[in-house]
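Student: Below you'll find target22.tsv; it's TSV, C-alpha atoms.
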chain	number	residue	atom	x	y	z
C	1	MET	CA	25.64	-19.77	-3.07
C	2	VAL	CA	22.85	-17.22	-3.19
C	3	LYS	CA	20.67	-16.46	-0.21
C	4	ILE	CA	17.05	-16.39	-1.36
C	5	ASN	CA	14.29	-15.70	1.16
C	6	GLY	CA	16.68	-16.77	3.91
C	7	GLU	CA	17.74	-20.04	2.26
C	8	GLU	CA	21.23	-20.66	0.80
C	9	LEU	CA	20.75	-22.01	-2.73
C	10	ASN	CA	23.20	-23.16	-5.38
C	11	VAL	CA	21.86	-20.96	-8.17
C	12	THR	CA	24.89	-18.78	-8.92
C	13	GLY	CA	25.01	-17.89	-12.63
C	14	LYS	CA	21.28	-18.09	-13.23
C	15	THR	CA	19.44	-14.91	-14.13
C	16	ALA	CA	16.81	-13.59	-11.76
C	17	GLU	CA	14.18	-14.38	-14.40
C	18	GLN	CA	15.40	-17.97	-14.79
C	19	PHE	CA	15.23	-18.50	-11.03
C	20	LEU	CA	11.72	-17.06	-10.80
C	21	LEU	CA	10.35	-19.12	-13.68
C	22	GLU	CA	12.05	-22.36	-12.62
C	23	ASN	CA	10.66	-21.99	-9.11
C	24	GLY	CA	7.07	-21.39	-10.05
C	25	TYR	CA	6.83	-17.67	-9.41
C	26	ASP	CA	4.35	-15.62	-11.45
C	27	ILE	CA	6.49	-12.72	-12.66
C	28	LYS	CA	3.42	-10.47	-12.88
C	29	ARG	CA	2.90	-10.84	-9.12
C	30	VAL	CA	6.37	-10.41	-7.67
C	31	ALA	CA	8.69	-7.73	-6.36
C	32	VAL	CA	12.37	-8.64	-5.98
C	33	GLU	CA	14.89	-7.14	-3.58
C	34	LEU	CA	18.54	-7.75	-4.49
C	35	ASN	CA	21.20	-6.79	-1.95
C	36	GLY	CA	18.99	-4.18	-0.31
C	37	ASP	CA	17.53	-2.55	-3.42
C	38	ILE	CA	14.36	-3.30	-5.38
C	39	LEU	CA	15.36	-4.85	-8.70
C	40	PRO	CA	13.57	-3.19	-11.66
C	41	LYS	CA	11.47	-5.68	-13.61
C	42	VAL	CA	13.26	-4.83	-16.85
C	43	GLN	CA	16.47	-6.09	-15.25
C	44	TYR	CA	15.17	-9.56	-14.26
C	45	GLU	CA	16.28	-10.99	-17.60
C	46	CYS	CA	19.83	-9.59	-17.53
C	47	THR	CA	20.63	-9.80	-13.81
C	48	ILE	CA	22.93	-12.76	-13.15
C	49	LEU	CA	22.85	-14.01	-9.57
C	50	GLN	CA	26.32	-13.83	-8.03
C	51	ASP	CA	27.93	-15.73	-5.17
C	52	GLY	CA	26.99	-14.02	-1.91
C	53	ASP	CA	23.96	-12.20	-3.29
C	54	SER	CA	21.02	-11.80	-0.97
C	55	VAL	CA	17.58	-11.91	-2.59
C	56	GLU	CA	14.12	-11.47	-1.14
C	57	ILE	CA	11.18	-12.34	-3.39
C	58	VAL	CA	7.73	-11.10	-2.48
C	59	SER	CA	4.85	-12.80	-4.26
C	60	PHE	CA	1.71	-10.72	-3.82
C	61	VAL	CA	-1.55	-12.45	-2.95
C	62	GLY	CA	-5.06	-11.15	-3.60
C	63	GLY	CA	-7.36	-9.35	-1.16
C	64	GLY	CA	-7.83	-5.81	0.00
S	1	MET	CA	-15.54	23.98	14.10
S	2	THR	CA	-13.06	26.46	12.63
S	3	GLU	CA	-9.81	25.35	11.04
S	4	ALA	CA	-7.91	27.00	13.91
S	5	GLU	CA	-9.91	25.02	16.50
S	6	TRP	CA	-9.36	21.79	14.61
S	7	LEU	CA	-5.62	22.39	14.27
S	8	LYS	CA	-5.32	23.32	17.94
S	9	ALA	CA	-7.01	20.05	18.94
S	10	LEU	CA	-4.59	18.07	16.76
S	11	GLU	CA	-1.57	19.98	18.06
S	12	GLN	CA	-2.62	19.33	21.66
S	13	ARG	CA	-2.57	15.60	20.98
S	14	HIS	CA	0.33	15.23	18.54
S	15	GLY	CA	2.53	18.16	19.48
S	16	ALA	CA	2.90	21.20	17.23
S	17	GLU	CA	6.02	20.00	15.41
S	18	LEU	CA	4.69	16.55	14.52
S	19	GLN	CA	1.35	18.03	13.53
S	20	GLN	CA	3.13	20.44	11.22
S	21	ASN	CA	4.71	17.42	9.52
S	22	PHE	CA	1.34	15.65	9.26
S	23	SER	CA	-0.32	18.81	7.92
S	24	SER	CA	2.25	19.27	5.18
S	25	ALA	CA	2.21	15.59	4.12
S	26	PHE	CA	0.73	14.48	0.78
S	27	VAL	CA	-0.29	10.83	0.66
S	28	ALA	CA	-1.89	8.86	-2.18
S	29	VAL	CA	-4.36	6.08	-1.34
S	30	CYS	CA	-4.62	3.82	-4.39
S	31	GLY	CA	-7.74	1.67	-4.12
S	32	LEU	CA	-10.60	2.52	-1.75
S	33	GLY	CA	-11.82	-0.94	-0.74
S	34	GLY	CA	-11.34	-2.58	2.64
S	35	LEU	CA	-7.75	-1.39	2.94
S	36	GLY	CA	-7.94	2.03	1.33
S	37	SER	CA	-11.15	3.20	3.01
S	38	ASN	CA	-9.66	2.41	6.41
S	39	VAL	CA	-6.24	3.87	5.58
S	40	ALA	CA	-7.80	7.11	4.32
S	41	ILE	CA	-9.91	7.54	7.46
S	42	SER	CA	-6.94	6.92	9.78
S	43	LEU	CA	-4.75	9.40	7.91
S	44	ALA	CA	-7.49	12.04	7.81
S	45	ARG	CA	-8.04	11.64	11.56
S	46	ALA	CA	-4.33	12.21	12.15
S	47	GLY	CA	-4.57	15.47	10.24
S	48	VAL	CA	-2.59	14.51	7.15
S	49	GLY	CA	-2.85	17.64	5.02
S	50	THR	CA	-3.51	16.29	1.54
S	51	LEU	CA	-4.95	12.95	0.50
S	52	LEU	CA	-5.12	11.75	-3.09
S	53	LEU	CA	-7.88	9.13	-3.46
S	54	ILE	CA	-7.85	6.90	-6.54
S	55	ASP	CA	-10.49	4.28	-7.38
S	56	PHE	CA	-12.68	3.55	-10.42
S	57	ASP	CA	-15.40	1.58	-8.65
S	58	ARG	CA	-18.79	2.34	-7.10
S	59	VAL	CA	-19.99	1.38	-3.61
S	60	ASP	CA	-21.77	-1.98	-3.83
S	61	ILE	CA	-23.87	-3.84	-1.28
S	62	SER	CA	-21.16	-6.53	-1.18
S	63	ASN	CA	-18.68	-3.93	0.13
S	64	LEU	CA	-20.56	-3.11	3.34
S	65	HIS	CA	-19.20	-6.11	5.30
S	66	ARG	CA	-15.70	-4.66	5.47
S	67	GLN	CA	-15.37	-1.31	3.72
S	68	GLN	CA	-16.07	2.03	5.38
S	69	TYR	CA	-19.20	2.92	3.42
S	70	ARG	CA	-22.85	3.27	4.36
S	71	VAL	CA	-26.18	2.20	2.86
S	72	SER	CA	-26.84	5.81	1.91
S	73	GLN	CA	-23.67	5.72	-0.23
S	74	LEU	CA	-24.61	2.65	-2.32
S	75	GLY	CA	-24.06	3.37	-6.02
S	76	MET	CA	-21.78	6.35	-5.44
S	77	TYR	CA	-18.25	6.33	-6.75
S	78	LYS	CA	-15.99	5.30	-3.86
S	79	THR	CA	-13.91	8.43	-4.41
S	80	GLU	CA	-16.99	10.62	-3.90
S	81	ALA	CA	-18.35	8.55	-1.01
S	82	MET	CA	-15.02	8.60	0.81
S	83	LYS	CA	-14.60	12.32	0.21
S	84	GLN	CA	-18.04	12.84	1.76
S	85	THR	CA	-17.15	10.69	4.79
S	86	LEU	CA	-13.79	12.38	5.28
S	87	SER	CA	-15.42	15.82	5.12
S	88	GLU	CA	-17.33	14.86	8.28
S	89	ILE	CA	-14.19	13.61	10.03
S	90	SER	CA	-11.52	16.02	8.93
S	91	PRO	CA	-13.14	18.91	7.03
S	92	TYR	CA	-9.93	20.81	6.45
S	93	CYS	CA	-8.07	17.89	4.89
S	94	ASN	CA	-7.39	18.69	1.23
S	95	ILE	CA	-8.92	15.79	-0.73
S	96	ILE	CA	-8.05	15.20	-4.38
S	97	THR	CA	-9.90	12.42	-6.21
S	98	HIS	CA	-9.30	10.56	-9.45
S	99	THR	CA	-12.11	8.21	-10.47
S	100	VAL	CA	-9.99	6.05	-12.76
S	101	LYS	CA	-8.27	2.68	-12.81
S	102	LEU	CA	-4.62	3.30	-11.97
S	103	THR	CA	-2.34	1.56	-14.46
S	104	GLU	CA	1.25	1.80	-15.69
S	105	GLU	CA	0.02	4.27	-18.33
S	106	ASN	CA	-1.44	6.85	-15.91
S	107	LEU	CA	0.88	6.27	-12.97
S	108	SER	CA	1.96	9.91	-13.22
S	109	LEU	CA	-1.26	10.73	-11.34
S	110	ILE	CA	0.70	10.04	-8.16
S	111	ALA	CA	3.68	12.16	-9.23
S	112	ASP	CA	3.19	14.93	-6.64
S	113	CYS	CA	2.69	12.88	-3.48
S	114	GLY	CA	5.44	11.82	-1.10
S	115	ILE	CA	4.01	8.51	0.09
S	116	VAL	CA	1.93	6.00	-1.91
S	117	CYS	CA	-0.38	3.45	-0.24
S	118	GLU	CA	-1.07	0.37	-2.37
S	119	CYS	CA	-4.58	-0.69	-1.32
S	120	PHE	CA	-5.68	-2.74	-4.33
S	121	ASP	CA	-7.24	-6.20	-4.07
S	122	ASN	CA	-5.77	-7.81	-7.19
S	123	ALA	CA	-2.30	-9.35	-6.82
S	124	GLU	CA	-1.09	-8.30	-10.28
S	125	CYS	CA	-2.26	-4.73	-9.71
S	126	LYS	CA	-0.42	-4.70	-6.37
S	127	ALA	CA	2.82	-5.82	-8.02
S	128	MET	CA	2.32	-3.34	-10.88
S	129	LEU	CA	2.01	-0.41	-8.51
S	130	VAL	CA	4.87	-1.45	-6.24
S	131	ASN	CA	7.25	-2.02	-9.15
S	132	GLY	CA	6.01	1.05	-11.02
S	133	VAL	CA	6.62	3.34	-8.06
S	134	THR	CA	9.98	1.87	-7.03
S	135	GLU	CA	11.23	2.10	-10.62
S	136	GLY	CA	9.60	5.32	-11.80
S	137	TYR	CA	9.55	7.30	-8.56
S	138	PRO	CA	12.42	5.99	-6.44
S	139	GLU	CA	12.26	9.02	-4.13
S	140	LYS	CA	8.76	8.07	-2.94
S	141	TYR	CA	7.86	5.75	-0.12
S	142	ILE	CA	5.39	2.99	-0.95
S	143	VAL	CA	3.37	1.16	1.68
S	144	ALA	CA	1.74	-1.97	0.25
S	145	ALA	CA	-0.36	-4.84	1.59
S	146	SER	CA	-0.37	-8.56	0.88
S	147	GLY	CA	-2.22	-11.26	2.82
S	148	MET	CA	-5.14	-10.29	5.07
S	149	SER	CA	-7.97	-12.59	3.97
S	150	GLY	CA	-9.80	-15.24	5.99
S	151	LEU	CA	-10.26	-15.63	9.74
S	152	HIS	CA	-6.62	-16.45	10.50
S	153	THR	CA	-4.98	-15.12	13.63
S	154	GLY	CA	-4.54	-11.38	13.74
S	155	ASN	CA	-1.09	-11.91	15.22
S	156	SER	CA	0.35	-12.89	11.85
S	157	ILE	CA	-0.19	-9.42	10.33
S	158	THR	CA	3.14	-7.59	10.32
S	159	THR	CA	5.00	-4.81	8.51
S	160	LYS	CA	8.22	-5.67	6.67
S	161	LYS	CA	10.59	-3.33	4.90
S	162	PHE	CA	12.21	-4.08	1.53
S	163	GLY	CA	14.82	-1.96	-0.17
S	164	LYS	CA	14.97	1.58	1.21
S	165	ARG	CA	11.39	2.80	0.72
S	166	LEU	CA	9.09	-0.19	0.28
S	167	TYR	CA	6.99	-1.52	3.16
S	168	ILE	CA	4.64	-4.50	2.87
S	169	CYS	CA	1.99	-5.14	5.52
S	170	GLY	CA	0.01	-8.36	5.95
S	171	ASP	CA	0.78	-12.03	6.55
S	172	GLY	CA	2.22	-12.41	3.04
S	173	MET	CA	0.27	-15.64	2.46
S	174	SER	CA	-3.49	-15.64	2.92
S	175	ASP	CA	-4.98	-15.20	-0.53
S	176	VAL	CA	-8.64	-14.28	-0.88
S	177	ASN	CA	-8.82	-16.71	-3.81
S	178	ASP	CA	-8.03	-19.55	-1.36
S	179	ASP	CA	-9.83	-18.26	1.73
S	180	GLY	CA	-12.94	-17.23	-0.16
S	181	THR	CA	-13.55	-13.98	1.64
S	182	LEU	CA	-12.26	-11.19	3.84
S	183	PHE	CA	-13.44	-10.08	7.26
S	184	ALA	CA	-13.54	-6.49	8.42
S	185	PRO	CA	-11.28	-6.74	11.49
S	186	ARG	CA	-8.41	-8.55	9.79
S	187	VAL	CA	-8.50	-6.17	6.83
S	188	MET	CA	-8.60	-3.26	9.29
S	189	LEU	CA	-5.58	-4.70	11.11
S	190	CYS	CA	-3.64	-4.67	7.86
S	191	ALA	CA	-4.91	-1.19	6.94
S	192	ALA	CA	-3.93	0.00	10.42
S	193	HIS	CA	-0.41	-1.35	9.85
S	194	GLN	CA	-0.30	0.63	6.61
S	195	ALA	CA	-1.60	3.86	8.14
S	196	ASN	CA	0.71	3.49	11.14
S	197	THR	CA	3.66	3.00	8.79
S	198	VAL	CA	2.70	6.15	6.86
S	199	LEU	CA	2.55	8.22	10.04
S	200	ARG	CA	5.88	6.78	11.20
S	201	ILE	CA	7.51	7.67	7.88
S	202	ILE	CA	6.17	11.23	8.14
S	203	ALA	CA	7.50	11.37	11.71
S	204	GLY	CA	10.96	10.37	10.47
S	205	LYS	CA	10.80	6.84	11.91
S	206	SER	CA	11.55	4.97	8.71
S	207	GLU	CA	12.55	1.64	10.28
S	208	VAL	CA	9.95	-1.02	11.12
Please, can you express the file's structure as structure tokens?

Tutor:
Amino acid sequence: MVKINGEELNVTGKTAEQFLLENGYDIKRVAVELNGDILPKVQYECTILQDGDSVEIVSFVGGG
Amino acid sequence: MTEAEWLKALEQRHGAELQQNFSSAFVAVCGLGGLGSNVAISLARAGVGTLLLIDFDRVDISNLHRQQYRVSQLGMYKTEAMKQTLSEISPYCNIITHTVKLTEENLSLIADCGIVCECFDNAECKAMLVNGVTEGYPEKYIVAASGMSGLHTGNSITTKKFGKRLYICGDGMSDVNDDGTLFAPRVMLCAAHQANTVLRIIAGKSEV
């Protein structure tokens, strides 16, 4: 199980990019924290979510 | 007002040691709209020593409802207008301006500062800057904003920390494309969270 934005999800083995795309995130608008560090965008494609990982996904919204 | 008088007034309020930290700080404000104009003014008032102001746009009549510009500044580049305003508030603050659109290609413009404030309005630009700084300049702090549109409760604006040096202020949800517009106080609340976070980082209080 992987904890994503506080929710335990059965997505072990998926890449970060797969998870984002399958769950409707716009990759151009997100920042991803994996186990306490910001995950570089170039690593979304090759980062495989592991059991026990903790992920926070921020999806930016417009306005400023 | 001499520089010595100004510094003395700041030291009396902040304490000499904290003021020394503020005076030696170098902060970039990226985007000078509702967020950035308010962030820049707060940081200048606190006596932050060097501010880097980046924006490509000019002051427009549609900005006056929430951004810190005046009728007399309509048509001016926001960098120049804000520099003018700050010179009346904090004349000894060192202001550097770049009247350009900040992109991945010219991100090195922020290379010398210690703290970056993301004050853009476009969601993709926000994400570009946050990811660009955390990847390219991992030693820098970045204080971003997401979600401050509409007339929703002010109590939902918060500051959250991600990773070791990324802070995001706002409610995280209210999108100007859904709400239709922004209102000065709620944008100021979010900008105040950003400026407060910057001062706390400079003061060594890096937790939220």

Student: Do me a favour and pick out the residues of chain S within 6 Å of chain C, using only C-alpha atoms, as JSON, numbers by chain.

Tutor: {"S": [34, 35, 120, 121, 122, 123, 124, 127, 135, 146, 147, 163, 175, 176]}

Student: Using only C-alpha atoms, find the one residue out of S:Asn177, S:Gln194, S:Thr50, S:Thr99 that sits nearest to Leu86 of chain S.

Tutor: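 Counting only C-alpha atoms, the residue closest to Leu86 of chain S is S:Thr50.
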
Student: Figure out the distance between atom CA of Leu189 of chain S and atom CA of Ile202 of chain S, please, to one decimal in Å.

Tutor: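 Atom CA of Leu189 of chain S lies 20.0 Å from atom CA of Ile202 of chain S.
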
Student: Can you pull out every residue within 8 Å of Ala145 of chain S, counting only C-alpha atoms, but drop anything in the same chain fewer than 5 positions away, and send it as an mmCIF file with C-alpha atoms, keeping the file's coordinate frame?

Tutor:
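After the write, selection_10.cif holds the following:
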data_model
loop_
_atom_site.group_PDB
_atom_site.id
_atom_site.type_symbol
_atom_site.label_atom_id
_atom_site.label_comp_id
_atom_site.auth_asym_id
_atom_site.auth_seq_id
_atom_site.Cartn_x
_atom_site.Cartn_y
_atom_site.Cartn_z
ATOM 1 C CA GLY C 64 -7.830 -5.810 0.000
ATOM 2 C CA GLU S 118 -1.070 0.370 -2.370
ATOM 3 C CA CYS S 119 -4.580 -0.690 -1.320
ATOM 4 C CA LYS S 126 -0.420 -4.700 -6.370
ATOM 5 C CA ILE S 168 4.640 -4.500 2.870
ATOM 6 C CA CYS S 169 1.990 -5.140 5.520
ATOM 7 C CA GLY S 170 0.010 -8.360 5.950
ATOM 8 C CA CYS S 190 -3.640 -4.670 7.860
ATOM 9 C CA ALA S 191 -4.910 -1.190 6.940
ATOM 10 C CA GLN S 194 -0.300 0.630 6.610
#

Student: Expressed in Å to a single decimal, how great is the separation between atom CA of Asp178 of chain S and atom CA of Thr134 of chain S?

Tutor: 28.6 Å

Student: How far is it from atom CA of Gln68 of chain S to atom CA of His193 of chain S, in Å with one decimal?

Tutor: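 So the two atoms, atom CA of Gln68 of chain S and atom CA of His193 of chain S, lie 16.6 Å apart.
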
Student: I'd like the contact shell of Lys78 of chain S - 10 Å cut-off, all atoms listed in the file, skipping same-chain residues fewer than 5 positions apart - returned as a ChimeraX atom specification.

Tutor: /S:31-33,37,53-60,68-69,73,83-84,97,99

Student: So which one's closest to Thr47 of chain C, C:Thr15, C:Tyr25, C:Leu20, C:Ile4? Using all atoms listed in the file, please.

Tutor: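 Of C:Thr15, C:Tyr25, C:Leu20, C:Ile4, the one nearest Thr47 of chain C, counting all atoms listed in the file, is C:Thr15.
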
Student: Determine, counting all atoms listed in the file, every residue of protein, DNA or RNA that lies within 9 Å of (-2.2, 5.5, 9.9) in the file coordinates, then give the result as JSON, numbers by chain.

Tutor: {"S": [38, 39, 40, 41, 42, 43, 44, 45, 46, 191, 192, 193, 194, 195, 196, 197, 198, 199, 200]}

Student: Pick from S:Asn131, S:Thr158, S:Ser72, S:Ser174: nearest to Gln43 of chain C, with all atoms listed in the file counted?

Tutor: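 Counting all atoms listed in the file, the residue closest to Gln43 of chain C is S:Asn131.
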
Student: Contacts of Leu49 of chain C at 8 Å or less, counting all atoms listed in the file, minus same-chain residues fewer than 5 places along, as a JSON list (two decimals) with C-alpha atoms, keeping the file's coordinate frame?

Tutor:
[["chain", "number", "residue", "atom", "x", "y", "z"],
["C", 2, "VAL", "CA", 22.85, -17.22, -3.19],
["C", 11, "VAL", "CA", 21.86, -20.96, -8.17],
["C", 12, "THR", "CA", 24.89, -18.78, -8.92],
["C", 13, "GLY", "CA", 25.01, -17.89, -12.63],
["C", 14, "LYS", "CA", 21.28, -18.09, -13.23],
["C", 15, "THR", "CA", 19.44, -14.91, -14.13],
["C", 16, "ALA", "CA", 16.81, -13.59, -11.76]]

Student: Report as a JSON list (two decimals) with C-alpha atoms, keeping the file's coordinate frame all protein, DNA and RNA residues lying within 10 Å of His14 of chain S, evaluated on all atoms listed in the file, omitting residues in the same chain fewer than 6 positions from it.

Tutor:
[["chain", "number", "residue", "atom", "x", "y", "z"],
["S", 8, "LYS", "CA", -5.32, 23.32, 17.94],
["S", 20, "GLN", "CA", 3.13, 20.44, 11.22],
["S", 22, "PHE", "CA", 1.34, 15.65, 9.26],
["S", 46, "ALA", "CA", -4.33, 12.21, 12.15],
["S", 47, "GLY", "CA", -4.57, 15.47, 10.24]]

Student: Pick out the residues sitting within 7 Å of Glu17 of chain C, and hand them over as a PyMOL selection string; count all atoms listed in the file, and ignore anything fewer than 3 positions along from it in its own chain.

Tutor: chain C and resi 20-21+44-45

Student: Between S:Ala203, S:Val133, S:Val29, S:Leu102, single out the one closest to Met82 of chain S, counting all atoms listed in the file.

Tutor: S:Val29

Student: Given only C-alpha atoms as the basis, pick out the residue of C:Asn23, C:Asn5, C:Gln18, C:Asn10 nearest to Ile48 of chain C.

Tutor: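 Closest candidate: C:Gln18.
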